[in-house]
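Visitor: This is data_36.cif (mmCIF, C-alpha atoms and all ligand atoms).
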```
data_start
loop_
_atom_site.label_atom_id
_atom_site.label_comp_id
_atom_site.auth_asym_id
_atom_site.auth_seq_id
_atom_site.Cartn_x
_atom_site.Cartn_y
_atom_site.Cartn_z
CA MET A 1 118.80 82.21 78.13
CA LYS A 2 117.67 82.63 81.75
CA GLN A 3 114.80 80.66 83.20
CA TYR A 4 112.65 83.75 83.93
CA ASP A 5 112.29 87.25 82.53
CA TYR A 6 111.42 88.67 85.94
CA LEU A 7 112.14 87.70 89.53
CA ILE A 8 109.54 89.55 91.59
CA VAL A 9 110.41 89.99 95.25
CA GLY A 10 107.20 90.42 97.23
CA ALA A 11 103.77 88.95 96.52
CA GLY A 12 101.94 92.04 97.79
CA LEU A 13 99.80 94.21 95.53
CA PHE A 14 102.71 95.82 93.68
CA GLY A 15 104.45 92.52 92.95
CA SER A 16 101.20 90.76 92.04
CA VAL A 17 100.03 93.48 89.64
CA PHE A 18 103.44 93.65 87.99
CA ALA A 19 103.57 89.85 87.66
CA HIS A 20 100.07 89.78 86.18
CA GLU A 21 100.81 92.46 83.59
CA ALA A 22 104.13 90.89 82.61
CA THR A 23 102.59 87.43 82.28
CA LYS A 24 99.83 88.88 80.10
CA LYS A 25 102.57 90.09 77.77
CA GLY A 26 104.10 86.62 77.58
CA LYS A 27 106.90 87.16 80.12
CA ARG A 28 108.01 84.38 82.44
CA CYS A 29 107.78 85.46 86.09
CA LEU A 30 108.83 83.98 89.40
CA VAL A 31 107.29 85.64 92.46
CA ILE A 32 108.83 85.07 95.90
CA ASP A 33 107.75 86.23 99.35
CA ARG A 34 109.30 85.72 102.74
CA ARG A 35 105.89 85.42 104.37
CA ASN A 36 104.07 82.09 104.24
CA HIS A 37 101.30 83.49 102.04
CA THR A 38 100.68 85.83 99.12
CA GLY A 39 98.90 89.21 99.18
CA GLY A 40 101.30 91.05 101.49
CA ASN A 41 99.35 93.32 103.79
CA ILE A 42 95.98 92.73 102.14
CA PHE A 43 96.02 89.04 103.11
CA SER A 44 93.03 87.74 105.01
CA GLU A 45 92.48 84.47 106.82
CA GLU A 46 89.14 82.75 107.28
CA VAL A 47 88.19 82.17 110.92
CA GLU A 48 84.68 80.97 111.89
CA GLY A 49 83.54 81.80 108.34
CA ILE A 50 84.78 85.40 108.70
CA ASN A 51 87.53 86.94 106.53
CA VAL A 52 89.97 88.33 109.09
CA HIS A 53 92.17 91.17 107.79
CA LYS A 54 95.40 89.84 109.29
CA TYR A 55 97.32 93.09 108.80
CA GLY A 56 94.72 95.65 109.76
CA ALA A 57 91.53 97.03 108.22
CA HIS A 58 91.71 97.29 104.43
CA ILE A 59 89.00 99.24 102.65
CA PHE A 60 89.41 99.72 98.94
CA HIS A 61 88.62 103.21 97.65
CA THR A 62 89.52 105.12 94.52
CA ASN A 63 88.39 107.93 92.24
CA ASP A 64 89.96 106.26 89.24
CA LYS A 65 87.42 104.33 87.16
CA GLY A 66 90.24 102.46 85.38
CA ILE A 67 91.62 101.12 88.68
CA TRP A 68 88.13 100.29 89.97
CA ASP A 69 87.34 98.35 86.78
CA TYR A 70 90.73 96.65 87.01
CA VAL A 71 90.14 95.24 90.53
CA ASN A 72 86.52 94.38 89.69
CA SER A 73 87.73 92.29 86.78
CA PHE A 74 89.22 89.88 89.35
CA VAL A 75 86.57 89.98 92.07
CA GLU A 76 83.25 91.69 92.67
CA PHE A 77 83.21 94.33 95.43
CA ASN A 78 80.44 94.89 97.98
CA ARG A 79 78.91 98.27 98.93
CA TYR A 80 80.76 98.61 102.27
CA THR A 81 81.34 102.26 103.24
CA ASN A 82 83.86 102.90 105.96
CA SER A 83 82.34 104.90 108.83
CA PRO A 84 84.57 104.48 111.86
CA VAL A 85 83.47 105.61 115.29
CA ALA A 86 85.89 107.23 117.74
CA ASN A 87 85.81 106.43 121.45
CA PHE A 88 87.30 109.19 123.59
CA GLU A 89 87.12 108.59 127.34
CA GLY A 90 84.01 106.46 126.88
CA GLU A 91 82.13 108.90 124.66
CA LEU A 92 81.44 108.07 121.01
CA PHE A 93 81.94 110.41 118.05
CA ASN A 94 81.42 109.88 114.33
CA LEU A 95 84.35 110.07 111.94
CA PRO A 96 85.50 111.61 109.71
CA PHE A 97 84.89 115.11 111.07
CA ASN A 98 81.40 116.02 109.90
CA MET A 99 78.10 117.52 111.10
CA ASN A 100 77.39 114.46 113.26
CA THR A 101 80.73 114.95 115.04
CA PHE A 102 80.13 118.67 115.48
CA TYR A 103 76.67 118.02 116.93
CA GLN A 104 78.06 115.40 119.32
CA LEU A 105 80.79 117.80 120.48
CA TRP A 106 79.04 121.14 120.59
CA LYS A 107 75.33 120.48 119.97
CA VAL A 108 75.53 122.75 116.90
CA LYS A 109 72.84 121.92 114.34
CA THR A 110 73.75 123.87 111.22
CA PRO A 111 76.89 124.08 109.06
CA GLU A 112 77.04 127.80 109.82
CA GLU A 113 77.12 127.21 113.59
CA ALA A 114 79.74 124.50 113.19
CA GLN A 115 81.94 126.65 110.98
CA ALA A 116 81.65 129.54 113.43
CA LYS A 117 82.76 127.30 116.32
CA ILE A 118 85.77 126.06 114.35
CA ASN A 119 86.68 129.57 113.16
CA GLU A 120 86.56 130.86 116.73
CA GLN A 121 88.99 128.14 117.89
CA VAL A 122 91.30 128.55 114.92
CA ALA A 123 91.46 132.33 115.46
CA ALA A 124 92.20 131.83 119.19
CA SER A 125 95.08 129.48 118.34
CA GLY A 126 96.82 132.22 116.33
CA ILE A 127 98.04 129.70 113.72
CA THR A 128 98.14 131.18 110.22
CA ASP A 129 100.84 129.20 108.46
CA PRO A 130 100.76 125.58 109.74
CA GLN A 131 104.19 123.94 109.86
CA ASN A 132 103.45 120.51 111.32
CA LEU A 133 100.62 118.05 111.95
CA GLU A 134 99.46 119.72 115.17
CA GLU A 135 99.22 123.17 113.60
CA GLN A 136 97.67 121.78 110.45
CA ALA A 137 95.01 119.89 112.43
CA ILE A 138 94.14 122.86 114.65
CA SER A 139 93.91 125.20 111.70
CA LEU A 140 91.52 122.78 109.96
CA VAL A 141 89.22 121.72 112.80
CA GLY A 142 90.04 123.76 115.90
CA THR A 143 91.36 122.77 119.31
CA ASP A 144 88.47 120.65 120.69
CA ILE A 145 88.62 118.11 117.88
CA TYR A 146 92.39 118.19 117.91
CA GLU A 147 92.56 117.46 121.66
CA LYS A 148 89.86 114.77 121.70
CA LEU A 149 90.09 113.01 118.38
CA ILE A 150 93.52 113.67 116.90
CA LYS A 151 96.36 114.30 119.34
CA GLY A 152 96.24 111.06 121.38
CA TYR A 153 95.57 108.82 118.38
CA THR A 154 98.27 110.42 116.24
CA GLU A 155 100.96 110.37 118.90
CA LYS A 156 100.32 106.67 119.66
CA GLN A 157 100.16 105.76 115.99
CA TRP A 158 103.40 107.50 115.07
CA GLY A 159 105.29 107.38 118.40
CA ARG A 160 106.23 111.01 117.86
CA LYS A 161 104.87 114.36 118.97
CA ALA A 162 102.28 115.81 116.61
CA THR A 163 104.50 118.89 116.38
CA GLU A 164 107.24 116.71 114.86
CA LEU A 165 105.05 115.04 112.24
CA PRO A 166 104.41 116.15 108.65
CA ALA A 167 101.11 117.95 108.04
CA PHE A 168 100.10 115.82 105.04
CA ILE A 169 99.15 112.85 107.25
CA ILE A 170 96.09 114.64 108.63
CA LYS A 171 95.04 115.95 105.24
CA ARG A 172 94.10 112.36 104.38
CA LEU A 173 90.95 112.74 106.47
CA PRO A 174 87.88 114.48 105.02
CA LEU A 175 86.29 117.43 106.82
CA ARG A 176 82.76 118.15 105.72
CA PHE A 177 79.77 120.18 106.75
CA THR A 178 77.14 117.57 105.89
CA PHE A 179 75.76 114.71 107.99
CA ASP A 180 77.87 112.15 106.12
CA ASN A 181 80.00 109.59 107.98
CA ASN A 182 81.75 108.21 104.89
CA TYR A 183 85.48 108.13 105.76
CA PHE A 184 86.50 108.59 102.13
CA ASN A 185 85.56 111.14 99.47
CA ASP A 186 86.27 108.76 96.59
CA LYS A 187 83.68 107.77 94.01
CA TYR A 188 84.28 104.03 94.38
CA GLN A 189 84.59 102.03 97.60
CA GLY A 190 84.07 98.50 98.86
CA ILE A 191 85.46 95.19 100.05
CA PRO A 192 85.97 92.20 97.73
CA ILE A 193 83.06 89.79 98.15
CA GLY A 194 84.61 86.67 99.64
CA GLY A 195 87.77 88.51 100.75
CA TYR A 196 90.96 90.10 99.44
CA ASN A 197 92.62 86.75 98.74
CA LYS A 198 90.36 86.43 95.71
CA LEU A 199 91.98 89.55 94.25
CA THR A 200 95.48 88.21 94.93
CA LYS A 201 94.60 84.77 93.52
CA GLY A 202 93.20 86.37 90.37
CA LEU A 203 96.31 88.47 89.86
CA LEU A 204 98.68 85.55 90.43
CA LYS A 205 96.70 82.94 88.46
CA ASP A 206 99.04 80.62 86.53
CA ILE A 207 102.16 82.39 87.87
CA GLU A 208 104.88 80.53 89.75
CA VAL A 209 105.01 81.67 93.37
CA ARG A 210 107.34 80.53 96.12
CA THR A 211 106.46 81.59 99.67
CA ASP A 212 108.72 81.35 102.75
CA VAL A 213 111.63 82.51 100.59
CA ASP A 214 113.68 85.45 101.84
CA PHE A 215 115.41 87.22 98.99
CA PHE A 216 118.32 88.30 101.18
CA GLU A 217 119.17 84.74 102.20
CA ASN A 218 119.96 83.86 98.61
CA LYS A 219 120.15 87.10 96.72
CA GLU A 220 122.84 86.32 94.14
CA GLU A 221 121.42 82.91 93.20
CA LEU A 222 117.87 84.19 92.94
CA MET A 223 118.82 87.17 90.80
CA LYS A 224 120.72 84.88 88.44
CA LEU A 225 117.46 83.10 87.62
CA ALA A 226 115.96 86.09 85.81
CA ASP A 227 116.95 88.89 83.43
CA LYS A 228 115.48 91.50 85.74
CA THR A 229 114.41 91.81 89.38
CA VAL A 230 111.40 93.71 90.69
CA PHE A 231 111.98 94.52 94.35
CA THR A 232 109.07 95.55 96.63
CA GLY A 233 110.71 95.22 100.07
CA ASN A 234 112.50 97.84 102.18
CA ILE A 235 114.83 99.83 99.94
CA ASP A 236 117.35 100.53 102.73
CA GLU A 237 117.61 96.81 103.49
CA PHE A 238 118.30 96.15 99.80
CA TYR A 239 121.30 98.47 100.01
CA GLU A 240 122.43 96.99 103.32
CA TYR A 241 121.63 100.21 105.17
CA GLN A 242 124.75 101.83 103.72
CA PHE A 243 123.49 105.36 104.34
CA GLY A 244 121.71 104.44 107.58
CA LYS A 245 118.29 103.04 108.48
CA LEU A 246 115.02 104.52 107.35
CA GLU A 247 112.38 104.68 110.08
CA TYR A 248 109.12 102.78 109.81
CA ARG A 249 106.21 102.21 112.15
CA SER A 250 105.05 98.71 112.85
CA LEU A 251 101.96 97.22 114.48
CA LYS A 252 101.20 94.32 116.77
CA PHE A 253 97.86 92.68 116.13
CA GLU A 254 95.94 90.91 118.88
CA HIS A 255 93.26 88.75 117.24
CA GLU A 256 90.52 87.21 119.36
CA THR A 257 87.47 85.06 118.58
CA LEU A 258 84.49 85.90 120.77
CA ASN A 259 81.52 83.71 121.47
CA GLN A 260 78.96 86.40 120.65
CA GLU A 261 77.41 87.61 117.45
CA ASN A 262 78.10 91.33 117.59
CA PHE A 263 80.80 92.91 119.76
CA GLN A 264 80.85 96.60 118.80
CA GLY A 265 78.30 97.07 116.01
CA ASN A 266 80.84 98.55 113.62
CA ALA A 267 83.88 97.33 111.68
CA VAL A 268 86.24 99.97 113.11
CA VAL A 269 86.22 101.76 116.47
CA ASN A 270 89.16 104.12 117.09
CA TYR A 271 90.40 104.76 120.63
CA THR A 272 91.66 108.31 120.47
CA GLU A 273 92.93 108.88 124.02
CA ALA A 274 96.64 108.55 124.77
CA ASP A 275 96.27 106.18 127.76
CA ILE A 276 94.76 103.26 125.85
CA PRO A 277 97.71 101.53 124.14
CA TYR A 278 95.86 100.36 121.02
CA THR A 279 94.59 102.71 118.32
CA ARG A 280 91.62 100.74 117.07
CA ILE A 281 89.51 97.62 117.44
CA LEU A 282 88.33 95.94 114.26
CA GLU A 283 85.34 93.62 114.08
CA HIS A 284 85.91 91.89 110.77
CA LYS A 285 82.46 90.44 110.02
CA HIS A 286 81.03 93.95 109.56
CA PHE A 287 83.20 94.52 106.47
CA GLU A 288 81.03 91.91 104.74
CA PHE A 289 77.76 92.29 106.71
CA GLY A 290 78.38 88.88 108.30
CA LYS A 291 75.77 87.08 110.39
CA GLN A 292 77.97 84.30 111.79
CA PRO A 293 77.20 83.20 115.40
CA LYS A 294 80.73 84.15 116.54
CA THR A 295 82.83 87.22 115.90
CA VAL A 296 86.55 87.99 115.48
CA VAL A 297 88.04 91.22 116.79
CA THR A 298 91.53 92.67 116.45
CA LYS A 299 93.29 95.26 118.55
CA GLU A 300 96.02 97.25 116.78
CA TYR A 301 98.98 98.28 118.91
CA PRO A 302 101.41 100.65 117.15
CA CYS A 303 105.14 100.35 117.82
CA GLU A 304 108.49 101.43 116.37
CA TRP A 305 109.81 99.09 113.68
CA THR A 306 112.98 97.15 114.39
CA ALA A 307 114.68 94.47 112.29
CA GLY A 308 112.66 91.26 112.10
CA MET A 309 109.28 93.03 112.31
CA GLU A 310 107.00 93.94 109.41
CA ALA A 311 107.43 97.56 108.34
CA TYR A 312 103.92 98.93 107.79
CA TYR A 313 104.23 102.70 107.58
CA PRO A 314 107.08 104.84 106.22
CA VAL A 315 107.72 107.82 108.51
CA ASN A 316 107.79 110.52 105.83
CA ASP A 317 109.31 113.37 107.83
CA ASP A 318 112.07 115.57 106.39
CA LYS A 319 114.91 113.54 107.90
CA ASN A 320 113.69 110.23 106.47
CA ASN A 321 112.71 111.72 103.13
CA GLU A 322 116.24 113.07 102.72
CA LEU A 323 117.73 109.69 103.55
CA PHE A 324 115.32 107.97 101.19
CA LYS A 325 116.45 110.22 98.33
CA LYS A 326 119.98 108.83 98.67
CA TYR A 327 118.70 105.28 98.28
CA ARG A 328 116.38 106.34 95.45
CA ASP A 329 119.31 107.89 93.59
CA LEU A 330 121.23 104.61 93.90
CA SER A 331 118.22 102.64 92.73
CA ARG A 332 117.88 104.84 89.63
CA GLN A 333 121.33 103.74 88.49
CA GLU A 334 120.27 100.08 88.38
CA GLU A 335 119.66 98.78 84.89
CA ASN A 336 118.10 95.47 85.77
CA ILE A 337 116.33 96.16 89.03
CA ILE A 338 112.96 97.88 89.36
CA PHE A 339 111.84 99.20 92.76
CA GLY A 340 108.16 99.64 93.60
CA GLY A 341 105.48 99.63 96.30
CA ARG A 342 105.03 101.12 99.74
CA LEU A 343 108.38 99.99 101.12
CA ALA A 344 110.65 100.39 98.09
CA GLU A 345 109.18 103.79 97.14
CA TYR A 346 108.94 104.74 100.86
CA LYS A 347 105.51 106.27 100.33
CA TYR A 348 102.34 106.21 102.44
CA TYR A 349 100.47 104.61 99.55
CA ASP A 350 96.95 103.23 99.71
CA MET A 351 96.02 100.14 97.68
CA HIS A 352 94.70 102.02 94.66
CA GLN A 353 97.89 104.09 94.56
CA VAL A 354 100.08 100.99 94.69
CA ILE A 355 98.08 99.46 91.86
CA GLY A 356 98.40 102.73 89.91
CA SER A 357 102.14 102.78 90.48
CA ALA A 358 102.52 99.12 89.46
CA LEU A 359 100.49 99.68 86.29
CA VAL A 360 102.54 102.73 85.29
CA THR A 361 105.80 100.89 86.01
CA SER A 362 104.78 97.73 84.17
CA ASN A 363 103.43 99.65 81.15
CA LYS A 364 106.70 101.54 80.87
CA GLU A 365 108.76 98.40 81.30
CA LEU A 366 106.75 96.20 78.96
CA GLN A 367 105.99 98.61 76.11
P1 LIG B 1 103.27 94.87 100.83
O1 LIG B 1 101.87 94.46 100.92
O2 LIG B 1 103.98 95.20 102.09
O3 LIG B 1 104.07 93.73 100.05
C1 LIG B 1 105.45 93.63 100.05
C2 LIG B 1 105.79 92.16 100.18
O4 LIG B 1 107.19 92.00 100.02
C3 LIG B 1 105.44 91.59 101.55
O5 LIG B 1 104.55 90.51 101.41
C4 LIG B 1 106.78 91.17 102.11
O6 LIG B 1 106.70 89.99 102.89
C5 LIG B 1 107.60 90.96 100.86
N1 LIG B 1 109.03 91.11 101.10
C6 LIG B 1 109.69 92.16 101.65
N2 LIG B 1 111.01 91.89 101.73
C7 LIG B 1 111.18 90.65 101.22
C8 LIG B 1 112.32 89.82 101.06
N3 LIG B 1 113.54 90.22 101.46
N4 LIG B 1 112.16 88.61 100.51
C9 LIG B 1 110.93 88.18 100.12
N5 LIG B 1 109.82 88.93 100.26
C10 LIG B 1 109.95 90.15 100.81
N6 LIG B 1 95.20 100.85 101.84
C11 LIG B 1 93.96 101.18 101.42
O7 LIG B 1 93.77 101.46 100.24
N7 LIG B 1 92.89 101.14 102.28
C12 LIG B 1 93.03 100.80 103.59
O8 LIG B 1 92.04 100.78 104.33
C13 LIG B 1 94.34 100.47 104.06
N8 LIG B 1 94.52 100.13 105.35
C14 LIG B 1 95.78 99.81 105.78
C15 LIG B 1 95.93 99.44 107.11
C16 LIG B 1 97.18 99.07 107.59
C17 LIG B 1 97.35 98.68 109.02
C18 LIG B 1 98.30 99.09 106.70
C19 LIG B 1 99.67 98.72 107.21
C20 LIG B 1 98.15 99.45 105.38
C21 LIG B 1 96.89 99.82 104.90
N9 LIG B 1 96.68 100.16 103.57
C22 LIG B 1 95.42 100.50 103.13
C23 LIG B 1 97.81 100.21 102.59
C24 LIG B 1 97.99 98.90 101.84
O9 LIG B 1 98.25 97.87 102.73
C25 LIG B 1 99.19 99.07 100.89
O10 LIG B 1 98.98 100.17 100.02
C26 LIG B 1 99.47 97.85 100.01
O11 LIG B 1 99.14 96.65 100.60
C27 LIG B 1 100.96 97.88 99.69
O12 LIG B 1 101.32 96.86 98.78
P2 LIG B 1 102.85 96.58 98.50
O13 LIG B 1 102.91 95.50 97.50
O14 LIG B 1 103.54 97.86 98.21
O15 LIG B 1 103.46 96.14 99.91
N1 LIG B 2 93.77 110.18 112.79
C1 LIG B 2 93.41 110.73 114.00
N2 LIG B 2 92.33 110.24 114.66
C2 LIG B 2 91.59 109.22 114.19
C3 LIG B 2 91.95 108.66 112.95
C4 LIG B 2 93.05 109.15 112.28
O1 LIG B 2 94.07 111.65 114.48
O2 LIG B 2 90.62 108.81 114.85
C5 LIG B 2 94.96 110.72 112.10
C6 LIG B 2 96.23 109.98 112.51
O3 LIG B 2 97.29 110.90 112.51
C7 LIG B 2 96.39 108.98 111.38
C8 LIG B 2 95.94 109.81 110.19
O4 LIG B 2 94.84 110.60 110.71
O5 LIG B 2 97.72 108.55 111.25
C9 LIG B 2 95.48 109.02 108.99
O6 LIG B 2 94.43 108.18 109.38
P1 LIG B 2 94.04 106.89 108.55
O7 LIG B 2 92.78 106.33 109.11
O8 LIG B 2 94.07 107.25 107.10
O9 LIG B 2 95.26 105.93 108.92
P2 LIG B 2 95.68 104.48 108.39
O10 LIG B 2 94.41 103.76 108.03
O11 LIG B 2 96.59 104.74 107.25
O12 LIG B 2 96.37 103.88 109.56
#
```
Do you think you could lay out the structure here as C-alpha cells?
Guide:
Amino acid sequence: MKQYDYLIVGAGLFGSVFAHEATKKGKRCLVIDRRNHTGGNIFSEEVEGINVHKYGAHIFHTNDKGIWDYVNSFVEFNRYTNSPVANFEGELFNLPFNMNTFYQLWKVKTPEEAQAKINEQVAASGITDPQNLEEQAISLVGTDIYEKLIKGYTEKQWGRKATELPAFIIKRLPLRFTFDNNYFNDKYQGIPIGGYNKLTKGLLKDIEVRTDVDFFENKEELMKLADKTVFTGNIDEFYEYQFGKLEYRSLKFEHETLNQENFQGNAVVNYTEADIPYTRILEHKHFEFGKQPKTVVTKEYPCEWTAGMEAYYPVNDDKNNELFKKYRDLSRQEENIIFGGRLAEYKYYDMHQVIGSALVTSNKELQ
C-alpha cells in the first residue's frame, strides 16, 4: 500500500480544492509546490498591515451561488466592487465601458446618444463579421474607445497585434448603457476579509504540504509515493515539450511601499497607452478599504514567458490551441494522472472557474 492516495502538484486553487475534497472523503493527500508558499497566484503577503496581492490584482466574482457559498465557508468576503480607472495620456476614464466613459469621451448624456455615437463609428469601420480582437472590439464599442482604451493596453498585455489575437479576450469586459462602473456583471463579488491566504489555509487545513519542491526534479520518486497524481503545472512541460512549446504571457511585478496614505485613490488604475511599459498600477489597501499610514503599490509589466518564469496567461490563439489539443489527447490516455487548472487545461480561467473545474474533477474522481 502506498503512503498517499494522491500526490497533488501545485498548491494553487485547483490543487487546494482537489486536496480538500479528497481529504474530506478520507483520502490521504500530499501537496507539493515549487514556490515557497501555498495559494499559487492568489497568494498575498502582508506589508505594513496591508495584504499585497503578490501576483496581481485578484477580485473574486461569480454567478454561481454554490461556488460563492463554498468560498464563504472558509472565509468571509467584503463588499469590494472592482471599478478600475483608465489613464490615457493623462486623462481619466471609467471602466468598464459604460455611460460614465461615454460622457467622458463624447459628453453624451443619454444611452440613446451613446448608442448612436457607437453605431456611427461601427458603421464607418465597415466591420460586419469580426474575425479577431481588433475587429471584435471596434464592432462592440467603436473606434474611439478602441484607440484610446483597448489597442495600446491589449498589445502590451499580449505582446501581439490586436489583429492577431482571439476575439473572446475582449468579450470578458462588460459594455453597458447605465452609469455603473462595476467591472463584473456577476451576482457575487468581493475580497476575502483578512486576505486570500485565509482561503488557502482553510482549504489546506490538516493536509500535508511541502513547498520549495519541484516535481520535475524528482518526478519518478514523488509519483511512487501515491496511487495517483494530480498535476496543475504547465502541461507541455509535463510532456517534456515533445510536440513543441505552448506560448504563455508572464508578468514582472514592481512592488513599492510609499510613505503616504493614499497614492491613487483606487485599487486599480490601467495605463492604456502603448508608450507606458506597464499595464496597471495596483494600490492594495483599497481592496480592503485600508486606512494604514503607508501604502503599497505594484506596477505590472507584461512580458513573453520563457523557461524559469511564472506562466500567468495561456495565449489561446488557434496555433496554441491546436498544439494544446495534442498534449490534451496524451493526457487523456493517462490512467493515474489527472490534469487541472489554468496551466494544465491551458485555459484563461478565473478563480471561480478553476474552483468549478476542481469540484467537477474531484466529484467525478471520488464518487
Ligand atoms: P496556479 O495558481 O498557477 O497554481 C499552480 C501551482 O502549481 C503554482 O503555485 C505553481 O508554483 C505550481 N507548480 C507548477 N509546476 C510545478 C512543479 N513542476 N512542481 C511543483 N509545483 C508546480 N481570477 C479572478 O477570478 N479574478 C481576478 O481578478 C484575477 N486576476 C488575475 C490577475 C493576474 C495577474 C493573473 C495571472 C490571474 C488572475 N486571475 C484572476 C486568475 C487566477 O489567478 C487563476 O484562475 C487561479 O489562481 C488559477 O489557479 P491554478 O491552481 O489553476 O493555478
Ligand atoms: N482590456 C483593455 N483595456 C483595459 C482593460 C482590459 O483593452 O483597460 C482588454 C485587454 O485585452 C485584456 C482584456 O481586456 O487582456 C481582459 O481584461 P481583464 O481585466 O479581464 O484582464 P486580466 O485581469 O485577466 O489581466
Visitor: Would you write out, as a tab-separated table, a table of all residues in chain A that have an atom no more than 6 Å from an atom of ligand LIG 1 (chain B), listing for each the closest atom pair and the distance in Å to one decimal, considering all atoms listed in the file and ordering rows by chain and rising residue number?
Guide:
```
residue	atom	partner	partner_atom	distance
A:Val9	CA	B:LIG1	N5	5.2
A:Gly10	CA	B:LIG1	O4	3.2
A:Ala11	CA	B:LIG1	O5	5.2
A:Gly12	CA	B:LIG1	O3	3.5
A:Leu13	CA	B:LIG1	O13	3.9
A:Phe14	CA	B:LIG1	O13	3.8
A:Gly15	CA	B:LIG1	O13	5.7
A:Ile32	CA	B:LIG1	C9	5.6
A:Asp33	CA	B:LIG1	N5	3.5
A:Arg34	CA	B:LIG1	C9	3.9
A:Arg35	CA	B:LIG1	O6	4.9
A:Gly40	CA	B:LIG1	O5	3.3
A:Asn41	CA	B:LIG1	O1	4.0
A:Ile42	CA	B:LIG1	O11	5.3
A:Tyr55	CA	B:LIG1	C17	5.6
A:Gly56	CA	B:LIG1	C17	4.1
A:Ala57	CA	B:LIG1	C15	5.1
A:His58	CA	B:LIG1	O8	3.5
A:Ile59	CA	B:LIG1	O8	3.8
A:Phe60	CA	B:LIG1	O7	4.9
A:Val213	CA	B:LIG1	C9	5.7
A:Asp214	CA	B:LIG1	N4	3.8
A:Phe215	CA	B:LIG1	N4	3.8
A:Phe216	CA	B:LIG1	N3	5.2
A:Thr232	CA	B:LIG1	O4	5.3
A:Gly233	CA	B:LIG1	C6	3.6
A:Tyr312	CA	B:LIG1	C19	4.3
A:Gly341	CA	B:LIG1	O14	3.2
A:Arg342	CA	B:LIG1	O14	3.9
A:Tyr349	CA	B:LIG1	O10	4.7
A:Asp350	CA	B:LIG1	N6	3.6
A:Met351	CA	B:LIG1	O7	3.7
A:His352	CA	B:LIG1	O7	5.7
A:Val354	CA	B:LIG1	O10	5.5
```
Visitor: Find the spatial neighbours of Val52 (chain A), counting all atoms listed in the file, within a cut-off of 10 Å - ignore same-chain residues fewer than 5 positions away - and output them as a PyMOL selection string.
Guide: chain A and resi 43-47+57+195-196+255+282-285+287+295-298
Visitor: Set the cut-off to 9 Å, count all atoms listed in the file, and list whatever residues fall near ligand LIG 2 (chain B) as a PyMOL selection string.
Guide: chain A and resi 56-59+84-87+95-96+133+137+146+148-158+162+165+168-173+183+269-272+279-280+313+348-350
Visitor: Rounded to one decimal, what separation in Å do you get between CA of Pro174 (chain A) and CA of Asn98 (chain A)?
Guide: 8.3 Å
Visitor: Could you name the residues that touch Phe77 (chain A) at 9 Å or less, counting only C-alpha atoms, but leaving out those on the same chain fewer than 4 positions away, as a ChimeraX atom specification?
Guide: /A:60,71-72,189-194
Visitor: May I ask for the distance between CA of Lys325 (chain A) and CA of Ala344 (chain A), given in Å to one decimal place?
Guide: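 CA of Ala344 (chain A) lies at a distance of 11.4 Å from CA of Lys325 (chain A).
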